[in-house]
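Engineer: Got a file for you: work.cif, mmCIF, C-alpha atoms.
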data_entry
#
loop_
_atom_site.label_atom_id
_atom_site.label_comp_id
_atom_site.auth_asym_id
_atom_site.auth_seq_id
_atom_site.Cartn_x
_atom_site.Cartn_y
_atom_site.Cartn_z
CA MET A 1 -27.40 -32.34 8.73
CA ASP A 2 -24.60 -32.51 6.15
CA LEU A 3 -23.24 -35.95 5.31
CA GLU A 4 -19.79 -36.49 6.86
CA VAL A 5 -17.11 -39.15 6.75
CA ARG A 6 -18.22 -40.48 10.16
CA HIS A 7 -21.69 -41.09 8.71
CA LEU A 8 -20.20 -43.18 5.90
CA ARG A 9 -18.33 -45.20 8.52
CA VAL A 10 -21.62 -45.82 10.34
CA VAL A 11 -23.34 -47.07 7.18
CA CYS A 12 -20.44 -49.38 6.29
CA ALA A 13 -20.21 -50.68 9.86
CA ILE A 14 -23.89 -51.65 9.82
CA ALA A 15 -23.47 -53.37 6.46
CA ASP A 16 -20.39 -55.26 7.68
CA ALA A 17 -21.91 -56.32 11.01
CA GLY A 18 -25.31 -57.18 9.56
CA SER A 19 -27.05 -55.76 12.62
CA LEU A 20 -27.32 -52.55 14.62
CA HIS A 21 -26.19 -54.37 17.76
CA GLY A 22 -22.99 -55.63 16.13
CA ALA A 23 -22.27 -52.29 14.48
CA ALA A 24 -22.78 -50.40 17.74
CA ARG A 25 -20.35 -52.72 19.47
CA ALA A 26 -17.77 -52.27 16.69
CA LEU A 27 -18.12 -48.49 16.78
CA GLY A 28 -18.03 -48.30 20.57
CA THR A 29 -21.47 -46.75 20.95
CA SER A 30 -24.91 -47.82 22.16
CA GLN A 31 -27.54 -49.37 19.91
CA PRO A 32 -30.16 -46.65 20.63
CA ALA A 33 -27.63 -43.91 19.76
CA LEU A 34 -26.70 -45.70 16.55
CA THR A 35 -30.37 -46.17 15.61
CA THR A 36 -30.97 -42.43 16.05
CA GLN A 37 -27.90 -41.62 13.97
CA LEU A 38 -29.00 -43.96 11.18
CA ARG A 39 -32.41 -42.28 11.04
CA ARG A 40 -30.75 -38.89 10.66
CA ILE A 41 -28.50 -40.18 7.88
CA GLU A 42 -31.49 -41.68 6.07
CA ASN A 43 -33.42 -38.42 6.45
CA THR A 44 -30.48 -36.52 4.95
CA LEU A 45 -30.23 -38.88 1.98
CA GLY A 46 -33.99 -39.08 1.51
CA GLY A 47 -34.53 -42.83 1.75
CA ARG A 48 -34.08 -45.99 3.81
CA LEU A 49 -30.64 -47.61 3.66
CA PHE A 50 -31.48 -50.79 5.58
CA THR A 51 -34.47 -52.98 6.28
CA ARG A 52 -34.79 -54.69 9.65
CA GLU A 53 -35.36 -58.45 9.37
CA ARG A 54 -35.18 -61.36 11.81
CA THR A 55 -31.65 -62.13 10.63
CA GLY A 56 -30.48 -58.53 11.06
CA CYS A 57 -30.12 -55.43 8.88
CA VAL A 58 -30.16 -55.87 5.11
CA PRO A 59 -29.13 -53.00 2.78
CA THR A 60 -31.82 -51.67 0.48
CA ALA A 61 -30.95 -50.89 -3.15
CA LEU A 62 -30.20 -47.33 -2.04
CA GLY A 63 -28.10 -48.64 0.84
CA GLN A 64 -26.08 -50.91 -1.44
CA GLY A 65 -25.30 -47.95 -3.64
CA VAL A 66 -24.17 -45.81 -0.72
CA VAL A 67 -22.03 -48.60 0.77
CA GLY A 68 -20.47 -49.37 -2.62
CA ARG A 69 -19.38 -45.77 -3.10
CA ALA A 70 -18.43 -45.18 0.52
CA ARG A 71 -15.96 -48.05 0.84
CA PRO A 72 -13.35 -46.77 -1.67
CA LEU A 73 -13.69 -43.25 -0.23
CA LEU A 74 -12.98 -44.52 3.30
CA ALA A 75 -10.10 -46.68 2.05
CA SER A 76 -8.54 -43.69 0.28
CA LEU A 77 -8.95 -41.52 3.36
CA SER A 78 -7.37 -44.21 5.53
CA ALA A 79 -4.40 -44.47 3.19
CA LEU A 80 -4.03 -40.67 3.20
CA VAL A 81 -4.01 -40.55 7.01
CA THR A 82 -1.53 -43.43 7.31
CA GLU A 83 0.89 -42.01 4.75
CA THR A 84 0.66 -38.49 6.19
CA ARG A 85 1.33 -39.67 9.72
CA ALA A 86 4.33 -41.68 8.54
CA ALA A 87 5.69 -38.66 6.66
CA ALA A 88 5.16 -36.43 9.70
CA ALA A 89 7.01 -38.89 11.93
CA ARG A 90 9.95 -38.95 9.51
CA THR A 91 10.01 -35.16 9.34
CA THR A 92 9.92 -34.53 13.08
CA GLY A 93 12.11 -37.48 13.97
CA GLY A 94 9.49 -38.69 16.42
CA GLU A 95 8.85 -42.40 16.84
CA ARG A 96 5.55 -43.80 18.08
CA LEU A 97 4.18 -47.26 18.52
CA ARG A 98 0.38 -47.33 18.74
CA ILE A 99 -0.93 -50.59 20.12
CA GLY A 100 -4.41 -51.75 21.04
CA SER A 101 -5.55 -54.65 23.16
CA THR A 102 -8.54 -56.30 24.68
CA ALA A 103 -8.14 -56.92 28.42
CA SER A 104 -5.18 -59.15 29.23
CA ARG A 105 -2.83 -59.87 32.13
CA ALA A 106 0.01 -59.69 29.61
CA ILE A 107 -0.34 -55.93 29.07
CA PRO A 108 1.81 -54.66 32.00
CA GLY A 109 4.71 -56.94 31.05
CA TRP A 110 4.30 -56.04 27.39
CA LEU A 111 4.55 -52.31 28.07
CA ARG A 112 7.54 -52.85 30.34
CA ARG A 113 9.42 -54.82 27.70
CA LEU A 114 8.59 -52.33 24.96
CA ARG A 115 9.90 -49.42 26.99
CA GLU A 116 13.07 -51.29 27.92
CA ARG A 117 13.77 -52.31 24.33
CA LEU A 118 12.63 -49.08 22.66
CA PRO A 119 13.49 -46.28 25.13
CA SER A 120 13.26 -43.57 22.47
CA THR A 121 9.86 -44.73 21.18
CA GLU A 122 6.62 -43.31 22.58
CA THR A 123 4.26 -46.21 23.23
CA GLU A 124 0.53 -45.47 23.10
CA LEU A 125 -1.97 -48.04 24.39
CA GLN A 126 -5.71 -48.30 23.74
CA VAL A 127 -7.65 -50.94 25.65
CA ALA A 128 -11.15 -51.78 24.40
CA VAL A 129 -13.76 -54.46 25.05
CA SER A 130 -14.47 -54.85 21.34
CA ALA A 131 -11.88 -56.76 19.33
CA THR A 132 -13.75 -55.78 16.17
CA ALA A 133 -13.30 -52.09 16.92
CA LEU A 134 -9.57 -52.56 17.48
CA LEU A 135 -9.16 -54.48 14.22
CA ARG A 136 -10.87 -51.66 12.37
CA ARG A 137 -8.49 -49.15 13.92
CA VAL A 138 -5.51 -51.15 12.71
CA ALA A 139 -6.99 -51.37 9.21
CA SER A 140 -7.66 -47.61 9.15
CA GLY A 141 -4.14 -46.74 10.28
CA GLU A 142 -5.17 -45.46 13.72
CA LEU A 143 -3.22 -48.29 15.40
CA ASP A 144 -0.03 -50.07 14.35
CA MET A 145 -1.07 -53.38 15.87
CA ALA A 146 -3.73 -54.92 18.09
CA PHE A 147 -3.73 -57.91 20.44
CA VAL A 148 -7.21 -59.43 20.59
CA HIS A 149 -9.02 -62.64 21.47
CA GLU A 150 -11.55 -64.52 19.37
CA VAL A 151 -14.10 -66.64 21.20
CA GLU A 152 -14.39 -70.19 19.90
CA GLY A 153 -17.37 -70.54 17.57
CA CYS A 154 -17.77 -66.76 17.22
CA PRO A 155 -15.31 -65.71 14.48
CA LEU A 156 -14.39 -62.04 14.30
CA ARG A 157 -14.88 -60.03 11.13
CA VAL A 158 -11.28 -59.28 10.15
CA PRO A 159 -11.11 -56.30 7.78
CA PRO A 160 -9.23 -56.79 4.51
CA GLY A 161 -5.62 -55.70 4.44
CA LEU A 162 -4.61 -57.22 7.79
CA ASP A 163 -2.13 -59.97 8.61
CA ILE A 164 -2.90 -62.22 11.58
CA ARG A 165 -0.18 -63.66 13.84
CA THR A 166 -1.56 -66.26 16.25
CA LEU A 167 -0.05 -66.17 19.74
CA VAL A 168 -2.12 -68.97 21.33
CA GLU A 169 -4.28 -71.18 19.14
CA ARG A 170 -6.63 -72.18 21.96
CA GLU A 171 -6.50 -70.65 25.42
CA PRO A 172 -8.91 -72.41 27.81
CA GLN A 173 -11.35 -70.24 29.71
CA PHE A 174 -11.44 -70.85 33.46
CA VAL A 175 -14.13 -70.05 36.02
CA CYS A 176 -13.87 -67.54 38.86
CA LEU A 177 -15.90 -68.25 41.99
CA ALA A 178 -15.96 -67.34 45.67
CA VAL A 179 -13.24 -69.09 47.63
CA GLU A 180 -15.97 -70.45 49.96
CA HIS A 181 -17.97 -71.96 47.08
CA PRO A 182 -18.20 -75.77 47.49
CA ALA A 183 -16.81 -76.30 43.98
CA ALA A 184 -13.68 -74.31 44.87
CA ARG A 185 -12.52 -77.23 47.00
CA HIS A 186 -11.72 -79.16 43.81
CA PRO A 187 -8.80 -78.48 41.45
CA VAL A 188 -11.13 -78.84 38.44
CA VAL A 189 -14.76 -77.71 38.36
CA ASP A 190 -17.65 -79.48 36.65
CA LEU A 191 -20.25 -77.23 35.07
CA ALA A 192 -22.91 -79.34 36.77
CA ASP A 193 -21.56 -78.17 40.13
CA LEU A 194 -22.47 -74.61 39.13
CA ALA A 195 -26.02 -75.38 37.97
CA ALA A 196 -27.60 -73.46 40.85
CA ASP A 197 -25.38 -70.39 40.45
CA GLN A 198 -26.11 -67.13 38.72
CA TRP A 199 -23.58 -66.35 35.99
CA MET A 200 -22.32 -62.92 35.01
CA VAL A 201 -21.06 -62.01 31.55
CA ASP A 202 -20.16 -58.81 29.72
CA PRO A 203 -22.21 -58.84 26.49
CA SER A 204 -20.18 -55.95 25.04
CA VAL A 205 -17.15 -58.27 24.67
CA ASP A 206 -17.31 -59.78 21.17
CA GLY A 207 -18.58 -63.36 21.31
CA GLU A 208 -18.47 -63.65 25.10
CA TRP A 209 -22.18 -64.09 25.77
CA GLU A 210 -22.71 -66.25 22.70
CA GLY A 211 -19.85 -68.55 23.70
CA LEU A 212 -21.01 -68.91 27.30
CA ARG A 213 -24.60 -69.54 26.25
CA ARG A 214 -23.52 -72.29 23.86
CA VAL A 215 -21.43 -74.01 26.55
CA LEU A 216 -24.19 -73.84 29.14
CA ASN A 217 -26.80 -75.14 26.69
CA ALA A 218 -24.52 -78.02 25.69
CA ALA A 219 -24.26 -78.97 29.37
CA GLY A 220 -28.05 -78.87 29.73
CA LEU A 221 -27.93 -75.82 31.99
CA ASN A 222 -30.20 -72.81 31.91
CA PRO A 223 -29.00 -70.66 34.83
CA ARG A 224 -29.82 -67.08 35.66
CA VAL A 225 -27.48 -64.71 33.84
CA LEU A 226 -26.56 -61.18 34.87
CA HIS A 227 -25.09 -58.84 32.27
CA GLY A 228 -22.43 -56.40 33.40
CA ASP A 229 -18.75 -55.48 33.31
CA TYR A 230 -16.07 -57.73 34.78
CA LEU A 231 -14.81 -55.14 37.26
CA THR A 232 -18.23 -55.23 38.93
CA ALA A 233 -18.30 -59.00 38.52
CA ALA A 234 -15.20 -59.47 40.71
CA GLY A 235 -16.96 -57.92 43.69
CA LEU A 236 -20.10 -59.99 43.13
CA VAL A 237 -18.09 -63.19 42.73
CA ALA A 238 -16.30 -62.57 46.02
CA THR A 239 -19.62 -62.31 47.88
CA GLY A 240 -20.99 -65.45 46.22
CA GLU A 241 -23.62 -63.62 44.16
CA VAL A 242 -22.32 -64.85 40.80
CA VAL A 243 -19.73 -67.00 39.07
CA THR A 244 -18.05 -65.92 35.85
CA LEU A 245 -15.70 -67.05 33.14
CA CYS A 246 -12.19 -65.66 33.40
CA GLN A 247 -8.87 -65.75 31.61
CA PRO A 248 -6.60 -68.54 32.85
CA THR A 249 -3.88 -65.97 33.57
CA SER A 250 -6.15 -64.49 36.26
CA ARG A 251 -4.62 -64.67 39.72
CA PRO A 252 -6.56 -65.86 42.75
CA ARG A 253 -7.28 -63.56 45.67
CA PRO A 254 -7.98 -64.41 49.31
CA ASP A 255 -11.71 -64.17 48.50
CA LEU A 256 -11.63 -65.50 44.90
CA ALA A 257 -10.73 -68.89 43.43
CA VAL A 258 -9.72 -69.50 39.80
CA ARG A 259 -10.30 -73.02 38.50
CA PRO A 260 -10.23 -74.81 35.12
CA LEU A 261 -13.46 -76.31 33.85
CA ARG A 262 -13.52 -80.04 33.21
CA ASN A 263 -12.81 -80.89 29.55
CA ASP A 264 -12.13 -77.20 28.79
CA PRO A 265 -15.48 -76.58 27.08
CA LEU A 266 -14.66 -73.06 25.90
CA GLY A 267 -11.50 -71.60 24.42
CA VAL A 268 -10.34 -68.44 22.69
CA ARG A 269 -7.70 -67.73 20.07
CA LEU A 270 -5.23 -64.99 20.92
CA PHE A 271 -3.69 -63.15 18.00
CA LEU A 272 -1.93 -60.02 16.85
CA ALA A 273 -3.23 -58.03 13.88
CA VAL A 274 -1.07 -55.72 11.76
CA ARG A 275 -1.48 -54.22 8.33
CA SER A 276 -0.38 -56.55 5.54
CA GLY A 277 3.37 -56.71 5.02
CA GLU A 278 4.24 -54.65 8.11
CA TYR A 279 5.08 -57.44 10.58
CA ARG A 280 8.80 -56.85 10.60
CA GLY A 281 11.39 -54.82 12.45
CA GLU A 282 9.85 -52.92 15.34
CA LEU A 283 6.45 -54.63 15.06
CA ALA A 284 7.96 -58.12 14.96
CA GLY A 285 9.97 -57.22 18.05
CA ALA A 286 6.80 -56.01 19.75
CA GLY A 287 5.17 -59.33 18.92
CA ALA A 288 8.04 -61.22 20.56
CA ASP A 289 7.75 -58.97 23.62
CA LEU A 290 4.05 -59.76 23.86
CA GLU A 291 4.61 -63.50 23.65
CA ALA A 292 7.21 -63.36 26.44
CA SER A 293 4.87 -61.24 28.56
CA TYR A 294 1.97 -63.63 28.06
CA TRP A 295 3.92 -66.66 29.24
CA GLU A 296 5.30 -64.67 32.14
CA ALA A 297 1.72 -63.89 33.20
CA ALA A 298 0.80 -67.56 32.76
CA SER A 299 3.63 -68.61 35.09
CA HIS A 300 2.20 -66.37 37.83
CA SER A 301 -1.21 -68.07 37.76
CA PRO A 302 -1.06 -71.30 39.81
CA ALA A 303 -4.12 -72.87 38.18
CA TYR A 304 -2.94 -72.13 34.64
CA ARG A 305 0.62 -73.17 35.42
CA ASP A 306 -0.62 -76.55 36.64
CA TRP A 307 -2.91 -76.89 33.62
CA LEU A 308 0.01 -76.25 31.25
CA GLU A 309 2.37 -78.62 33.07
CA GLU A 310 -0.18 -81.44 32.98
CA ARG A 311 -0.34 -81.10 29.20
CA GLY A 312 3.40 -80.72 28.69
CA ARG A 313 3.18 -77.11 27.58
CA ARG A 314 5.49 -74.38 28.70
#
In structure tokens, what does this structure look like?
Structural biologist:
Amino acid sequence: MDLEVRHLRVVCAIADAGSLHGAARALGTSQPALTTQLRRIENTLGGRLFTRERTGCVPTALGQGVVGRARPLLASLSALVTETRAAAARTTGGERLRIGSTASRAIPGWLRRLRERLPSTETELQVAVSATALLRRVASGELDMAFVHEVEGCPLRVPPGLDIRTLVEREPQFVCLAVEHPAARHPVVDLADLAADQWMVDPSVDGEWEGLRRVLNAAGLNPRVLHGDYLTAAGLVATGEVVTLCQPTSRPRPDLAVRPLRNDPLGVRLFLAVRSGEYRGELAGAGADLEASYWEAASHSPAYRDWLEERGRR
């Protein structure tokens, strides 16, 4: 195997994340696949790049040398790609806006506003579960901007060279449960009322499982937890198999109830990331479109609308 640029990205991702699990999540791959790839890279270079410890992966002396030389190479390549794409767009007259986002009810309204305001601009959207992966794509020039959420107590690793524009400093996380669940009769749900329930969480979403676990532990709860994606979770919630955290902009269904948790034990920060110095013109307009779309989505969620009105917001 010849060493390639993608292999350098793998090594740097592991060094940045400090673990194979975190690096796999950032790269959008599985941990077993990343482990296999790391072994092949180490075999090619003739030595171990990382040691596995209880706290995660620590670069060896050889690994530190590889990471130190790889970073400027990747930065130069990223700059080359960004500048070349910009030059190509100027030459062909084409205009593109490449945006990324973690899952959000604001996305449909955002795209609608962008297309209405920029009819001659081609808008490309990438939706990913990993905020870290999206931030890396902005830093590398693959995306112009990304809208992501950061779970309270689980700070994201923001690559250098990015500017952060906060949309919502603390968005409360609500709970989604079957409409026939006893707790659904109340406008606000106590965690204690869910002590006997099985929870479902998507561990591939940055910080989601860690945040939920911290909140449950603080409440003295140790429930059964099922790991899976939130599309599957919706069906299981409706049948009463599980309860799950949800965004407050989520809308209820005839078989699902969305409720705030008492004292709002868990929140997330919503922010836009762009490359340093580029939040102006078209990108600033896109940010304003996103903010309008978010609050539009909030107004369509009865539980969130009531929550905001009670606190004198929006």
Engineer: Applied to this file, what does the PyMOL selection byres ((chain A and resi 207-221) around 10) return in terms of residues, put as a VMD selection string?
Structural biologist: chain A and resid 130 to 131 149 to 156 190 to 192 194 to 196 199 to 206 222 to 225 227 244 to 245 265 to 268
Engineer: Measuring atom to atom with all atoms listed in the file, identify which of A:Thr36, A:Ser101, A:Gln64, A:Ser120 is nearest to Asp144 in chain A.
Structural biologist: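 Of the candidates, the smallest distance to Asp144 in chain A is held by A:Ser101.
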Engineer: Figure out the distance between CA of Glu142 in chain A and CA of Ala288 in chain A, please, to one decimal in Å.
Structural biologist: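 Atom-to-atom, CA of Ala288 in chain A to CA of Glu142 in chain A, that is 21.7 Å.
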Engineer: For the PyMOL selection byres ((chain A and resi 297-312) around 6), applied here, can you spell out every residue it catches as a tab-separated table (two decimals) with C-alpha atoms, keeping the file's coordinate frame?
Structural biologist:
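Below is the file result09.tsv, written as the result:
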chain	number	residue	atom	x	y	z
A	106	ALA	CA	0.01	-59.69	29.61
A	248	PRO	CA	-6.60	-68.54	32.85
A	249	THR	CA	-3.88	-65.97	33.57
A	251	ARG	CA	-4.62	-64.67	39.72
A	294	TYR	CA	1.97	-63.63	28.06
A	295	TRP	CA	3.92	-66.66	29.24
A	296	GLU	CA	5.30	-64.67	32.14
A	313	ARG	CA	3.18	-77.11	27.58
Engineer: Would you kindly translate the PyMOL selection byres ((chain A and resi 257) around 6) into the concrete residues it picks from this file, as a list of chain:residue names?
Structural biologist: A:Cys176, A:Leu177, A:Ala178, A:Val179, A:Pro252, A:Leu256, A:Val258
Engineer: Determine, counting all atoms listed in the file, which protein, DNA and RNA residues have an atom within 10 Å of an atom of Ala128 in chain A; residues of the same chain fewer than 4 positions away are not included. Present the result as a PyMOL selection string.
Structural biologist: chain A and resi 28+100-103+132-134+148+204-205
Engineer: Out of A:Gln126, A:Ser140, A:Gln37, A:Ser30, which residue has the shortest atom-to-atom distance to Ser78 in chain A when counting all atoms listed in the file?
Structural biologist: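 Of A:Gln126, A:Ser140, A:Gln37, A:Ser30, the one nearest Ser78 in chain A, counting all atoms listed in the file, is A:Ser140.
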Engineer: Quick one: residues within 10 Å of Glu278 in chain A, only C-alpha atoms, excluding same-chain residues fewer than 2 positions away - as a ChimeraX atom specification?
Structural biologist: /A:144-145,162-163,274-276,280-284
Engineer: Give me, please, the distance in Å between CA of Val11 in chain A and CA of Ile164 in chain A, quoted to one decimal.
Structural biologist: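 The value is 25.8 Å.
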Engineer: Using only C-alpha atoms, pick whichever of A:Val243, A:Leu118, A:Ile99, A:Val127 has the shortest atom-to-atom distance to Leu143 in chain A.
Structural biologist: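 Checking each of A:Val243, A:Leu118, A:Ile99, A:Val127 against Leu143 in chain A, counting only C-alpha atoms, the winner is A:Ile99.
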Engineer: Just give me the residues with any atom within 10 Å of (-30.6, -55.9, 12.4), file coordinates, counting all atoms listed in the file, written as a ChimeraX atom specification.
Structural biologist: /A:14-15,17-23,50-58
